[in-house]
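In what follows, a structure is listed as structure tokens, so that the remarks can point back to it.
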Amino acid sequence: MKTWLVPSLALAMIAVPVVAQQKLGAVQGVRSPEQVYAKVCGYCHGRNVGPVILGRHLPAEAITYIARHGQNGMPAFRPTEITPAELDALAHWISTAPARKEEHGQ
Ligand code: HEC
């Protein structure tokens, strides 16, 4: 009579391990400097909100300091938002990346 339950139950059991892989609150993998720049910094920098920072060879130490402490209109970013490893890679990338034609200053 209720044999239709058996296949759906079997499907549900197959689906469980797939769902279990998406652990809520799990620490994300390290994002590339390009990804962090595009998602976080590029929201303001190069879009008339913050000054252009690519292609200026700004020292990586200064970039790291400003990102952690903020500066006037710029917010500070916590290690939970940008991990130390991500910020280290980001600062070196910004310091050496070429300027982008499509970016505008303040
Ligand atoms: C909400 C907008 C906003 C975001 C997001 C933002 N910034 Fe800024 N940033 C600014 C503004 C505005 C200034 C200029 C501050 C001032 O007037 O002193 C600035 C200044 C800077 C400076 C100094 C530039 C100079 O010419 O001396 C650096 C370096 C910098 N930001 C890096 C970053 C990095 C790295 C990120 C991403 C992790 C980031 N910013 C994200 C708005 C932002």
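Order determines the names: the first chain of the structure tokens is A, the second B, and so forth; residues in each chain are numbered 1 upward, and ligands are numbered 1 upward as they are shown.
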Can you pull out every residue with an atom within 6 Å of ligand 1? Use only C-alpha atoms and all ligand atoms and format it as JSON, numbers by chain.
{"A": [37, 40, 41, 43, 44, 45, 49, 50, 51, 53, 63, 66, 67, 71, 72, 73, 74]}
Might you pull out every residue within 12 Å of Lys101 in chain A, with only C-alpha atoms counted and same-chain residues fewer than 6 positions away left off, and present them as a PyMOL selection string?
chain A and resi 46-47+52+54-55
Please determine, counting only C-alpha atoms, which residue among A:Val30, A:Ala99, A:Ala62, A:Ile94 has the shortest atom-to-atom distance to Ile82 in chain A.
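Checking each candidate against Ile82 in chain A, we get A:Val30 as the closest.
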CA of Gly42 in chain A to CA of Thr83 in chain A, straight-line distance in Å
17.5 Å
Of the candidates A:Gly29, A:Arg78, A:Glu86, A:Asn48, which shows the shortest atom-to-atom distance to His104 in chain A, using only C-alpha atoms?
A:Asn48
Have a look at CA of Gln35 in chain A and CA of Arg68 in chain A and let me know their distance in Å, one decimal.
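Taking CA of Gln35 in chain A as the start and CA of Arg68 in chain A as the end point, the length is 17.9 Å.
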